[in-house]
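Novice: Sharing my_file-v3.cif below, mmCIF, C-alpha atoms and all ligand atoms:
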data_query
loop_
_atom_site.label_atom_id
_atom_site.label_comp_id
_atom_site.auth_asym_id
_atom_site.auth_seq_id
_atom_site.Cartn_x
_atom_site.Cartn_y
_atom_site.Cartn_z
CA VAL A 1 8.45 23.11 -23.30
CA LEU A 2 8.36 22.61 -27.05
CA ASP A 3 9.36 26.12 -28.14
CA ASP A 4 11.85 25.17 -30.86
CA PRO A 5 10.70 23.01 -33.83
CA ALA A 6 14.32 21.97 -34.47
CA THR A 7 14.69 20.24 -31.08
CA ALA A 8 11.04 19.27 -30.44
CA ALA A 9 11.27 15.69 -31.76
CA ALA A 10 14.37 14.92 -29.69
CA GLY A 11 12.76 16.47 -26.63
CA ILE A 12 9.56 14.43 -27.02
CA ALA A 13 11.60 11.24 -27.53
CA ARG A 14 13.67 11.90 -24.38
CA VAL A 15 10.62 12.58 -22.22
CA LEU A 16 8.71 9.54 -23.52
CA ARG A 17 11.71 7.31 -22.83
CA SER A 18 11.77 8.61 -19.29
CA ALA A 19 8.04 7.82 -18.89
CA ARG A 20 8.61 4.30 -20.17
CA GLU A 21 11.71 3.67 -18.12
CA ARG A 22 10.36 4.99 -14.84
CA SER A 23 6.64 4.24 -15.21
CA LEU A 24 5.96 7.75 -13.99
CA PRO A 25 3.96 10.61 -15.50
CA VAL A 26 5.76 13.21 -17.63
CA TYR A 27 4.73 16.62 -18.91
CA ILE A 28 5.07 17.97 -22.40
CA GLU A 29 4.02 21.60 -22.80
CA VAL A 30 3.04 22.84 -26.24
CA PRO A 31 2.84 26.66 -26.50
CA ARG A 32 -0.42 27.77 -28.14
CA ASP A 33 1.32 29.33 -31.15
CA MET A 34 3.35 26.16 -31.82
CA VAL A 35 0.51 23.65 -32.09
CA ASN A 36 0.51 23.51 -35.91
CA VAL A 37 4.27 23.78 -36.50
CA PRO A 38 5.61 20.68 -38.31
CA VAL A 39 8.44 18.77 -36.60
CA ASP A 40 10.56 15.72 -37.45
CA ALA A 41 9.26 12.22 -36.72
CA VAL A 42 9.83 11.31 -33.06
CA PRO A 43 12.32 8.45 -32.73
CA VAL A 44 11.79 5.67 -30.17
CA LEU A 45 14.91 5.79 -28.00
CA PRO A 46 16.23 2.47 -26.67
CA SER A 47 16.19 2.01 -22.88
CA ARG A 48 19.45 2.87 -21.20
CA THR A 49 21.31 -0.07 -19.70
CA PRO A 50 24.01 0.16 -17.08
CA HIS A 51 27.68 -0.39 -17.73
CA ALA A 52 28.19 -4.17 -17.60
CA GLU A 53 31.19 -4.04 -15.24
CA ALA A 54 29.45 -1.61 -12.90
CA LEU A 55 26.40 -3.88 -12.83
CA ALA A 56 28.51 -6.94 -12.02
CA GLU A 57 30.39 -5.10 -9.27
CA CYS A 58 27.14 -3.81 -7.76
CA ALA A 59 25.40 -7.21 -7.85
CA ASP A 60 28.48 -8.93 -6.37
CA GLU A 61 28.58 -6.41 -3.56
CA VAL A 62 24.89 -6.83 -2.72
CA ILE A 63 25.24 -10.61 -2.70
CA GLY A 64 28.42 -10.46 -0.63
CA ARG A 65 26.81 -8.34 2.07
CA LEU A 66 23.67 -10.50 2.24
CA ALA A 67 25.75 -13.69 2.38
CA ALA A 68 27.93 -12.34 5.20
CA ALA A 69 24.96 -11.34 7.35
CA SER A 70 23.40 -13.55 9.96
CA ARG A 71 19.96 -11.86 9.84
CA PRO A 72 19.44 -10.54 6.29
CA ALA A 73 16.03 -9.37 5.03
CA ILE A 74 14.45 -7.63 2.04
CA ILE A 75 11.90 -4.79 2.00
CA VAL A 76 10.05 -4.03 -1.26
CA ASP A 77 8.04 -1.02 -2.36
CA VAL A 78 6.27 0.42 -5.40
CA GLU A 79 9.24 0.59 -7.77
CA ILE A 80 9.42 -3.18 -8.14
CA ARG A 81 5.99 -2.92 -9.82
CA ARG A 82 7.00 0.09 -11.91
CA TYR A 83 10.07 -1.72 -13.24
CA GLY A 84 8.20 -5.00 -13.72
CA VAL A 85 10.53 -7.07 -11.54
CA GLU A 86 8.14 -8.66 -9.04
CA ALA A 87 8.63 -12.18 -10.39
CA ALA A 88 12.42 -11.73 -10.36
CA VAL A 89 12.34 -10.47 -6.76
CA ALA A 90 10.32 -13.54 -5.73
CA GLU A 91 12.74 -15.82 -7.55
CA PHE A 92 15.75 -14.14 -5.92
CA ALA A 93 14.23 -14.38 -2.44
CA ARG A 94 13.32 -18.03 -2.96
CA ARG A 95 16.76 -19.04 -4.14
CA CYS A 96 18.49 -17.15 -1.32
CA GLN A 97 15.82 -18.18 1.22
CA LEU A 98 15.50 -14.58 2.34
CA PRO A 99 12.39 -13.20 4.06
CA VAL A 100 10.59 -10.37 2.21
CA VAL A 101 8.22 -7.77 3.62
CA THR A 102 6.46 -4.92 1.83
CA THR A 103 6.26 -1.34 3.03
CA PHE A 104 2.89 0.23 3.88
CA MET A 105 2.72 1.86 0.44
CA GLY A 106 3.94 -1.35 -1.15
CA ARG A 107 1.15 -3.45 0.38
CA GLY A 108 -0.30 -5.72 -2.31
CA LEU A 109 3.01 -6.27 -4.10
CA LEU A 110 4.07 -9.86 -4.70
CA ALA A 111 0.52 -11.10 -4.11
CA GLN A 112 1.44 -13.94 -6.48
CA ALA A 113 4.28 -15.05 -4.20
CA PRO A 114 2.76 -15.79 -0.78
CA ASP A 115 5.65 -18.12 0.00
CA VAL A 116 8.16 -15.26 0.10
CA VAL A 117 6.10 -12.36 1.51
CA LYS A 118 5.99 -12.49 5.29
CA GLY A 119 3.78 -9.42 5.66
CA THR A 120 3.92 -5.64 5.73
CA TYR A 121 6.39 -3.63 7.76
CA LEU A 122 4.54 -1.03 9.84
CA GLY A 123 7.15 -0.64 12.58
CA ALA A 124 5.49 -0.47 15.97
CA ALA A 125 2.02 -0.57 14.35
CA GLY A 126 2.55 -3.91 12.67
CA HIS A 127 2.85 -7.51 13.73
CA PRO A 128 5.56 -7.85 16.38
CA ALA A 129 7.27 -10.68 14.44
CA ILE A 130 7.67 -8.46 11.35
CA ASN A 131 8.83 -5.55 13.48
CA ASP A 132 11.50 -7.77 15.09
CA LEU A 133 12.56 -9.17 11.70
CA ILE A 134 13.38 -5.70 10.35
CA ARG A 135 14.60 -4.12 13.58
CA ASP A 136 17.14 -6.87 14.12
CA ALA A 137 18.27 -7.33 10.50
CA ASP A 138 22.03 -6.91 10.08
CA ALA A 139 21.74 -6.58 6.30
CA LEU A 140 18.67 -4.96 4.74
CA LEU A 141 18.12 -4.84 1.01
CA LEU A 142 15.53 -2.16 0.16
CA LEU A 143 14.25 -2.72 -3.36
CA GLY A 144 12.43 0.28 -4.83
CA VAL A 145 11.64 1.62 -1.38
CA ILE A 146 10.51 5.24 -0.91
CA LEU A 147 11.99 6.57 2.31
CA SER A 148 9.02 8.51 3.63
CA ASP A 149 7.19 8.89 6.92
CA THR A 150 4.26 6.99 5.43
CA ASN A 151 6.52 3.96 5.29
CA PHE A 152 8.84 4.50 8.23
CA ALA A 153 7.25 6.88 10.80
CA LEU A 154 6.92 4.12 13.37
CA SER A 155 10.10 2.30 12.47
CA GLU A 156 12.04 1.18 15.52
CA ARG A 157 15.36 1.28 13.73
CA SER A 158 17.34 3.83 11.83
CA LEU A 159 18.27 2.81 8.31
CA ASP A 160 21.98 3.26 8.90
CA PRO A 161 24.24 2.98 5.84
CA ARG A 162 26.42 0.26 7.39
CA SER A 163 23.67 -2.34 7.15
CA THR A 164 21.36 -0.87 4.47
CA MET A 165 21.43 -1.27 0.72
CA LEU A 166 18.90 0.91 -1.09
CA ALA A 167 17.95 0.56 -4.75
CA ILE A 168 15.60 3.36 -5.80
CA ASP A 169 15.31 5.82 -8.66
CA ARG A 170 17.89 4.03 -10.83
CA THR A 171 20.59 4.32 -8.17
CA VAL A 172 21.91 1.71 -5.72
CA ARG A 173 23.32 3.06 -2.47
CA ILE A 174 25.46 0.72 -0.40
CA GLY A 175 27.20 1.94 2.72
CA HIS A 176 28.61 5.34 1.86
CA HIS A 177 28.94 4.89 -1.89
CA SER A 178 26.46 4.60 -4.74
CA TYR A 179 26.10 3.12 -8.20
CA ALA A 180 24.43 5.52 -10.64
CA ASP A 181 22.39 4.36 -13.66
CA MET A 182 21.51 1.06 -11.99
CA PRO A 183 17.77 0.50 -12.60
CA LEU A 184 15.95 -2.38 -10.94
CA ASP A 185 15.20 -4.10 -14.25
CA ALA A 186 18.95 -4.52 -14.78
CA LEU A 187 19.88 -5.20 -11.16
CA LEU A 188 17.34 -7.97 -10.50
CA PRO A 189 18.39 -10.32 -13.32
CA ALA A 190 22.01 -9.88 -12.20
CA LEU A 191 21.04 -10.74 -8.63
CA VAL A 192 19.00 -13.78 -9.69
CA GLU A 193 21.99 -15.02 -11.69
CA ARG A 194 24.12 -14.90 -8.53
CA ALA A 195 21.47 -16.16 -6.11
CA GLN A 196 22.44 -18.95 -3.71
CA PRO A 197 21.13 -20.19 -0.37
CA MET A 198 22.43 -17.75 2.24
CA ALA A 199 23.83 -18.65 5.64
CA GLY A 200 21.40 -16.26 7.34
CA GLY A 201 18.44 -17.27 5.14
CA GLY A 202 15.73 -19.81 5.81
CA ARG A 203 15.14 -18.66 9.37
CA ALA A 204 11.74 -19.69 10.71
CA LEU A 205 9.58 -16.78 11.81
CA PRO A 206 7.17 -17.15 14.71
CA ASP A 207 3.85 -17.73 12.98
CA ALA A 208 1.79 -16.49 15.88
CA GLY A 209 2.35 -12.86 14.97
CA LEU A 210 1.73 -13.38 11.29
CA ALA A 211 -1.62 -15.12 11.08
CA TYR A 212 -4.48 -13.03 9.71
CA PRO A 213 -7.84 -13.23 11.52
CA ARG A 214 -10.18 -15.93 10.20
CA ASN A 215 -13.19 -18.07 11.10
CA LEU A 216 -15.58 -15.32 12.16
CA PRO A 217 -18.25 -16.87 14.37
CA ASP A 218 -21.79 -16.83 13.01
CA ASP A 219 -23.43 -15.14 16.02
CA ASP A 220 -25.15 -11.99 17.31
CA ARG A 221 -22.08 -10.23 18.69
CA ALA A 222 -21.56 -6.58 17.63
CA LEU A 223 -18.89 -6.02 15.00
CA THR A 224 -15.39 -4.59 15.21
CA PRO A 225 -13.26 -3.53 12.22
CA SER A 226 -10.96 -6.54 12.66
CA ASP A 227 -14.07 -8.77 12.38
CA ILE A 228 -14.49 -7.35 8.86
CA ALA A 229 -10.95 -8.53 8.06
CA ALA A 230 -11.84 -12.00 9.35
CA ALA A 231 -15.05 -12.08 7.29
CA VAL A 232 -13.16 -11.05 4.13
CA ASN A 233 -10.43 -13.65 4.77
CA ASP A 234 -13.14 -16.30 5.18
CA LEU A 235 -14.76 -15.18 1.91
CA PHE A 236 -11.41 -15.27 0.06
CA ASP A 237 -10.75 -18.76 1.45
CA ARG A 238 -14.00 -19.89 -0.16
CA VAL A 239 -14.01 -18.00 -3.47
CA GLY A 240 -10.42 -16.88 -4.02
CA PRO A 241 -8.87 -13.46 -3.47
CA MET A 242 -10.34 -10.25 -4.92
CA PRO A 243 -8.41 -7.04 -5.56
CA ILE A 244 -9.04 -4.41 -2.90
CA VAL A 245 -9.38 -0.65 -3.24
CA ALA A 246 -9.30 1.14 0.10
CA ASP A 247 -9.98 4.69 1.21
CA ILE A 248 -8.25 6.50 4.07
CA GLY A 249 -9.44 5.75 7.58
CA ASP A 250 -9.59 2.62 9.66
CA CYS A 251 -10.59 0.71 6.51
CA LEU A 252 -6.99 1.01 5.23
CA PHE A 253 -5.54 -0.25 8.52
CA THR A 254 -8.04 -3.10 8.47
CA ALA A 255 -6.81 -3.96 4.96
CA MET A 256 -3.44 -4.81 6.57
CA GLU A 257 -5.23 -7.66 8.38
CA ILE A 258 -6.54 -9.14 5.13
CA GLU A 259 -4.50 -11.66 3.12
CA ASN A 260 -1.97 -10.02 0.81
CA THR A 261 -3.91 -9.34 -2.39
CA ALA A 262 -3.72 -6.56 -4.99
CA LEU A 263 -4.40 -3.32 -3.09
CA ALA A 264 -4.86 0.23 -4.37
CA ALA A 265 -5.07 3.04 -1.81
CA PRO A 266 -4.00 6.69 -1.50
CA GLY A 267 -1.25 5.77 0.95
CA TYR A 268 1.18 8.57 0.11
CA TYR A 269 -1.00 11.70 0.36
CA ALA A 270 -3.85 10.11 2.31
CA GLY A 271 -6.58 12.05 0.52
CA MET A 272 -10.05 10.90 1.57
CA GLY A 273 -12.59 10.05 -1.11
CA PHE A 274 -10.40 7.82 -3.27
CA GLY A 275 -12.04 4.49 -2.45
CA VAL A 276 -15.27 4.46 -4.45
CA PRO A 277 -14.04 6.28 -7.59
CA GLY A 278 -10.78 4.31 -7.42
CA GLY A 279 -12.79 1.10 -7.27
CA ILE A 280 -14.87 2.13 -10.27
CA GLY A 281 -11.65 2.74 -12.17
CA PHE A 282 -10.50 -0.72 -11.14
CA ALA A 283 -13.81 -2.23 -12.30
CA ALA A 284 -13.33 -0.50 -15.66
CA SER A 285 -10.13 -2.50 -16.09
CA GLY A 286 -12.21 -5.70 -16.07
CA TYR A 287 -11.70 -6.89 -12.49
CA ARG A 288 -14.34 -7.01 -9.79
CA PRO A 289 -12.99 -5.11 -6.79
CA LEU A 290 -13.78 -5.13 -3.11
CA ILE A 291 -13.99 -1.50 -1.99
CA LEU A 292 -13.33 -0.59 1.66
CA VAL A 293 -14.49 2.86 2.69
CA GLY A 294 -15.41 4.81 5.85
CA ASP A 295 -18.62 6.77 6.29
CA GLY A 296 -16.74 10.10 6.27
CA ALA A 297 -15.09 9.30 2.95
CA PHE A 298 -18.36 7.87 1.60
CA GLN A 299 -20.07 11.20 2.34
CA MET A 300 -17.61 12.78 -0.09
CA THR A 301 -17.58 10.49 -3.12
CA GLY A 302 -19.79 7.47 -2.38
CA TRP A 303 -22.43 8.73 -4.82
CA GLU A 304 -20.20 7.83 -7.72
CA LEU A 305 -21.55 4.30 -7.26
CA GLY A 306 -24.53 5.61 -9.23
CA ASN A 307 -22.33 5.25 -12.34
CA CYS A 308 -22.10 1.46 -11.96
CA ARG A 309 -25.49 0.70 -13.50
CA ARG A 310 -24.62 2.42 -16.77
CA TYR A 311 -21.50 0.25 -17.20
CA GLY A 312 -22.73 -2.94 -15.55
CA PHE A 313 -20.02 -2.77 -12.86
CA ASP A 314 -20.65 -4.84 -9.75
CA PRO A 315 -18.11 -3.90 -7.09
CA ILE A 316 -18.68 -5.03 -3.52
CA VAL A 317 -18.47 -2.05 -1.18
CA ILE A 318 -17.91 -2.57 2.52
CA LEU A 319 -18.77 0.67 4.27
CA PHE A 320 -17.28 1.03 7.77
CA ASN A 321 -20.02 3.17 9.33
CA ASN A 322 -18.97 4.29 12.79
CA THR A 323 -20.84 7.64 12.40
CA SER A 324 -17.45 9.15 13.03
CA TRP A 325 -14.19 10.52 11.72
CA GLU A 326 -12.65 7.84 13.89
CA MET A 327 -9.08 8.32 12.69
CA LEU A 328 -9.21 11.88 13.98
CA ARG A 329 -11.09 10.97 17.16
CA VAL A 330 -8.39 8.54 18.25
CA PHE A 331 -5.93 11.42 18.43
CA GLN A 332 -8.38 14.06 19.67
CA PRO A 333 -11.24 12.37 21.54
CA GLU A 334 -12.44 15.65 23.03
CA SER A 335 -13.46 17.18 19.66
CA ALA A 336 -17.18 16.81 18.98
CA PHE A 337 -16.75 17.65 15.30
CA ASN A 338 -15.66 14.05 14.81
CA ASN A 339 -19.27 12.93 15.38
CA LEU A 340 -21.04 12.35 12.08
CA ASP A 341 -24.76 11.79 11.46
CA ASP A 342 -26.24 8.49 10.43
CA TRP A 343 -27.05 9.00 6.75
CA GLN A 344 -28.62 5.56 6.21
CA PHE A 345 -26.38 4.76 3.24
CA ALA A 346 -27.69 1.24 2.66
CA ALA A 347 -31.20 2.59 2.22
CA ILE A 348 -29.99 4.97 -0.51
CA ALA A 349 -28.31 2.23 -2.59
CA SER A 350 -31.46 1.04 -4.37
CA HIS A 351 -32.19 4.58 -5.61
CA ILE A 352 -28.86 4.72 -7.44
CA GLY A 353 -28.96 1.28 -8.99
CA GLY A 354 -27.46 -1.03 -6.37
CA VAL A 355 -28.43 -3.21 -3.45
CA GLY A 356 -27.66 -2.07 0.08
CA GLU A 357 -27.75 -4.01 3.33
CA ARG A 358 -27.06 -2.72 6.81
CA VAL A 359 -25.48 -5.19 9.24
CA HIS A 360 -24.86 -5.01 12.99
CA THR A 361 -23.69 -8.50 13.95
CA ARG A 362 -21.07 -11.02 12.94
CA GLY A 363 -23.68 -13.43 11.62
CA GLU A 364 -25.37 -10.68 9.55
CA LEU A 365 -22.03 -9.62 8.06
CA LYS A 366 -21.13 -13.15 6.97
CA ALA A 367 -24.50 -13.67 5.30
CA ALA A 368 -24.52 -10.25 3.63
CA LEU A 369 -21.02 -10.73 2.22
CA THR A 370 -21.96 -14.08 0.73
CA ARG A 371 -25.07 -12.59 -0.87
CA ALA A 372 -23.03 -9.67 -2.21
CA TYR A 373 -20.48 -12.01 -3.75
CA GLU A 374 -23.20 -14.01 -5.49
CA ARG A 375 -25.08 -10.94 -6.75
CA ARG A 376 -23.73 -10.01 -10.18
CA GLY A 377 -24.39 -7.05 -12.48
CA VAL A 378 -25.18 -4.41 -9.81
CA PHE A 379 -23.12 -2.87 -7.03
CA SER A 380 -23.56 -4.25 -3.53
CA LEU A 381 -23.21 -1.99 -0.53
CA VAL A 382 -22.69 -3.74 2.80
CA GLU A 383 -23.01 -1.04 5.45
CA VAL A 384 -21.31 -2.31 8.58
CA MET A 385 -22.45 -0.50 11.70
CA LEU A 386 -19.58 -0.06 14.16
CA PRO A 387 -19.63 1.55 17.59
CA ARG A 388 -17.72 4.83 17.89
CA GLY A 389 -14.40 4.41 19.63
CA VAL A 390 -13.74 0.86 18.39
CA THR A 391 -10.83 0.49 15.94
CA SER A 392 -8.99 -2.29 14.19
CA ASP A 393 -6.09 -3.86 16.08
CA THR A 394 -3.69 -2.33 13.55
CA LEU A 395 -5.03 1.22 13.98
CA ALA A 396 -4.91 0.76 17.77
CA ARG A 397 -1.19 -0.15 17.53
CA PHE A 398 -0.61 2.76 15.11
CA VAL A 399 -2.19 5.22 17.56
CA SER A 400 -0.22 3.99 20.56
CA GLY A 401 2.95 4.01 18.43
CA ILE A 402 2.39 7.64 17.31
CA LYS A 403 1.57 8.73 20.86
CA ALA A 404 4.73 7.07 22.19
CA LEU A 405 6.76 8.75 19.43
CA ARG A 406 5.31 12.17 20.32
CA GLN A 407 6.07 11.58 23.97
CA ARG A 408 9.69 10.67 23.19
CA GLN A 409 10.03 13.81 21.06
CA GLN A 410 8.57 15.99 23.83
CA ASP A 411 10.83 14.39 26.43
CA ALA A 412 13.87 14.96 24.22
CA LEU A 413 12.85 18.60 23.71
CA ALA A 414 12.31 19.10 27.43
CA ALA A 415 15.68 17.50 28.21
CA SER A 416 17.49 19.70 25.69
CA SER A 417 15.86 22.93 26.89
CA ALA A 418 16.59 22.01 30.50
CA ALA A 419 20.27 21.43 29.73
CA PRO A 420 22.57 24.31 30.68
CA VAL A 421 23.68 26.37 27.69
CA GLY A 422 27.40 26.40 26.87
C1 LIG B 1 -9.55 15.07 1.76
C2 LIG B 1 -9.20 14.79 3.18
N1 LIG B 1 -9.79 15.51 4.16
C3 LIG B 1 -9.48 15.27 5.44
C4 LIG B 1 -8.58 14.30 5.78
C5 LIG B 1 -8.21 14.05 7.25
N2 LIG B 1 -8.78 12.77 7.68
C6 LIG B 1 -8.05 11.65 7.70
S1 LIG B 1 -8.93 10.33 8.20
C7 LIG B 1 -10.31 11.26 8.44
C8 LIG B 1 -11.57 10.65 8.93
C9 LIG B 1 -12.07 9.59 8.00
O1 LIG B 1 -13.38 9.26 8.37
P1 LIG B 1 -14.06 7.95 7.82
O2 LIG B 1 -14.00 7.92 6.35
O3 LIG B 1 -15.40 7.85 8.45
O4 LIG B 1 -13.12 6.79 8.35
P2 LIG B 1 -12.81 6.40 9.89
O5 LIG B 1 -11.66 7.25 10.31
O6 LIG B 1 -14.03 6.67 10.69
O7 LIG B 1 -12.44 4.97 9.85
C10 LIG B 1 -10.07 12.59 8.11
C11 LIG B 1 -11.09 13.67 8.20
C12 LIG B 1 -7.98 13.57 4.73
N3 LIG B 1 -7.09 12.60 4.97
N4 LIG B 1 -8.30 13.82 3.45
MG MG B 2 -16.01 6.78 10.04
#
What would you get if you wrote out this structure as structure tokens?
Ligand SMILES: Cc1ncc(C[n+]2csc(CCOP(=O)(O)OP(=O)(O)O)c2C)c(N)n1
Ligand SMILES: [Mg+2]
Specialist:
Amino acid sequence: VLDDPATAAAGIARVLRSARERSLPVYIEVPRDMVNVPVDAVPVLPSRTPHAEALAECADEVIGRLAAASRPAIIVDVEIRRYGVEAAVAEFARRCQLPVVTTFMGRGLLAQAPDVVKGTYLGAAGHPAINDLIRDADALLLLGVILSDTNFALSERSLDPRSTMLAIDRTVRIGHHSYADMPLDALLPALVERAQPMAGGGRALPDAGLAYPRNLPDDDRALTPSDIAAAVNDLFDRVGPMPIVADIGDCLFTAMEIENTALAAPGYYAGMGFGVPGGIGFAASGYRPLILVGDGAFQMTGWELGNCRRYGFDPIVILFNNTSWEMLRVFQPESAFNNLDDWQFAAIASHIGGVGERVHTRGELKAALTRAYERRGVFSLVEVMLPRGVTSDTLARFVSGIKALRQRQQDALAASSAAPVG
């Protein structure tokens, strides 16, 4: 709060440095009666760098632990983007021959480094090979990883300090000690400098679990969400990857079955309605996005597509229309409020400046996606009709994982209340 003109400039400088260093929003509050008070010029403060000896000790320790492990692995999350170290992480992993996975919220990171990214860690909901890789790791380096349920709810391991090294929020925690003032943009260059092929690196992973669906047959079979992933992978194989903006619902789980490409989604708070407006924001930055959205979320904010004509934006929108809040139904099938009406979204598109097509079969989806890709200057809405009760393979694993977790918790509760007291 800028309530003292004598300290205002220093305060503004400190807060702006923090915004720059952390790539996070900051707040500066100006009281109404202070708006016109003159203050000193605001200096640009230099970024803070860690103590050189502390940095060397920290980097040596990280390297030492990775080198001594027989099954080391790296998990990355959003902070490696905020600190601008994605290329350095890729370089480090390459030189050490270490496998890298992203978290759920970090999906889309390192899209430029497909040789190092093995996939996304979703615990029991993900590919079994990725789950095994992380569950069995005897040294785990977590770079910029947010320890939240969104990332680790279905994890089949505890992140115990003996085998975990966590660099987040300008601190590196190793075992039971930590290095303060150790931001990723200082740590990564120090790690790259020390990188060397590791004894436990270069392990081959079973490819079977890692392959994304492809080669969607051109036939009259009804569609499933995972078919949409296959159709998008086929399109990307032909025309190159597009950035994806996804809403909440099965569309986000389906996105995990699409090749690793730039992905924006409301993973942390899971607020529905982000997809279409988020995609328009993406289009405003000059890229043509692929927007994935469910019919429930489209009911909320889909109409914003009407703004595309004014700006000449031409996003491709794939609408997963299962006439359902399917993500809720999978946990509570008995609740009829999950049934939504058929609003005929594709038919509305032309009235708000776009082109809509409704598809029911695999062949229709392939053809409609190709037409959408070739159509420039207007938005394209491909409304994919899906039967209620059919989910992507990833959401199906997520649901069975959550149900198993709940069961274990209930069993543990029952066992503890049955135990004699004292
Ligand atoms: C603003 C908001 N309201 C409610 C929810 C709870 N919620 C999560 S998923 C979901 C259903 C989404 O339906 P839809 O967009 O059709 O996707 P589907 O689950 O059918 O794939 C709901 C209601 C939420 N995450 N955010
Ligand atoms: Mg739906």
Novice: Kindly provide, as number ranges by chain, all nucleotide and amino acid residues lying within 9 Å of ligand LIG 1 (chain B), counting all atoms listed in the file.
Specialist: A: 225, 247-253, 269-274, 293-300, 319-330, 338, 340, 388, 391
Novice: Between A:Asn339, A:Ser416, A:Gln410, A:Thr361, which residue has the minimum interatomic distance to ligand MG 2 (chain B), considering all atoms listed in the file?
Specialist: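 Checking each of A:Asn339, A:Ser416, A:Gln410, A:Thr361 against ligand MG 2 (chain B), counting all atoms listed in the file, the winner is A:Asn339.
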Novice: Could you pull the residues within 9 Å of region 14-16 of chain A, counting all atoms listed in the file, minus those fewer than 3 positions along the same chain, as a PDB file with C-alpha atoms, in the coordinates of the input?
Specialist:
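Saved to selection_37.pdb:
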ATOM      1  CA  ALA A   9      11.270  15.690 -31.760  1.00  0.00           C
ATOM      2  CA  ALA A  10      14.370  14.920 -29.690  1.00  0.00           C
ATOM      3  CA  GLY A  11      12.760  16.470 -26.630  1.00  0.00           C
ATOM      4  CA  ALA A  19       8.040   7.820 -18.890  1.00  0.00           C
ATOM      5  CA  ARG A  20       8.610   4.300 -20.170  1.00  0.00           C
ATOM      6  CA  GLU A  21      11.710   3.670 -18.120  1.00  0.00           C
ATOM      7  CA  VAL A  26       5.760  13.210 -17.630  1.00  0.00           C
ATOM      8  CA  TYR A  27       4.730  16.620 -18.910  1.00  0.00           C
ATOM      9  CA  ILE A  28       5.070  17.970 -22.400  1.00  0.00           C
ATOM     10  CA  VAL A  44      11.790   5.670 -30.170  1.00  0.00           C
ATOM     11  CA  LEU A  45      14.910   5.790 -28.000  1.00  0.00           C
TER      12      LEU A  45
END
Novice: Would you mind reading off the distance between CA of Arg65 (chain A) and CA of Arg203 (chain A), one decimal, in Å?
Specialist: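 Straight-line distance from CA of Arg65 (chain A) to CA of Arg203 (chain A) works out to 17.2 Å.
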Novice: Can you work out which one of A:Ile12, A:Leu55, A:Met105, A:Met198 has the shortest atom-to-atom distance to Gly267 (chain A), counting only C-alpha atoms?
Specialist: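 Among A:Ile12, A:Leu55, A:Met105, A:Met198, it is A:Met105 that comes nearest to Gly267 (chain A).
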Novice: Of the candidates A:Ala139, A:Gly286, A:Leu413, A:Gly278, which one gets nearest to Gly302 (chain A) if we count all atoms listed in the file?
Specialist: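 Under the stated criterion, the closest residue is A:Gly278.
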Novice: Skipping near chain neighbours, those fewer than 6 positions away, what residues fall within 9 Å of Ala113 (chain A) using all atoms listed in the file, listed as a list in words?
Specialist: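 Counting all atoms listed in the file, the residues come to Glu86, Ala87 and Ala90 of chain A.
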Novice: So that I can see what lies close to Asn260 (chain A), please list as a PyMOL selection string the residues with an atom at most 9 Å from it, counting all atoms listed in the file and leaving out residues fewer than 3 positions away in the same chain.
Specialist: chain A and resi 107-112+114+117+119-120+241+255-257+263
Novice: So which one's closest to Pro266 (chain A), A:Asn36, A:Thr150, A:Ser47, A:Thr7? Using only C-alpha atoms, please.
Specialist: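 So, comparing all the options, the nearest one is A:Thr150.
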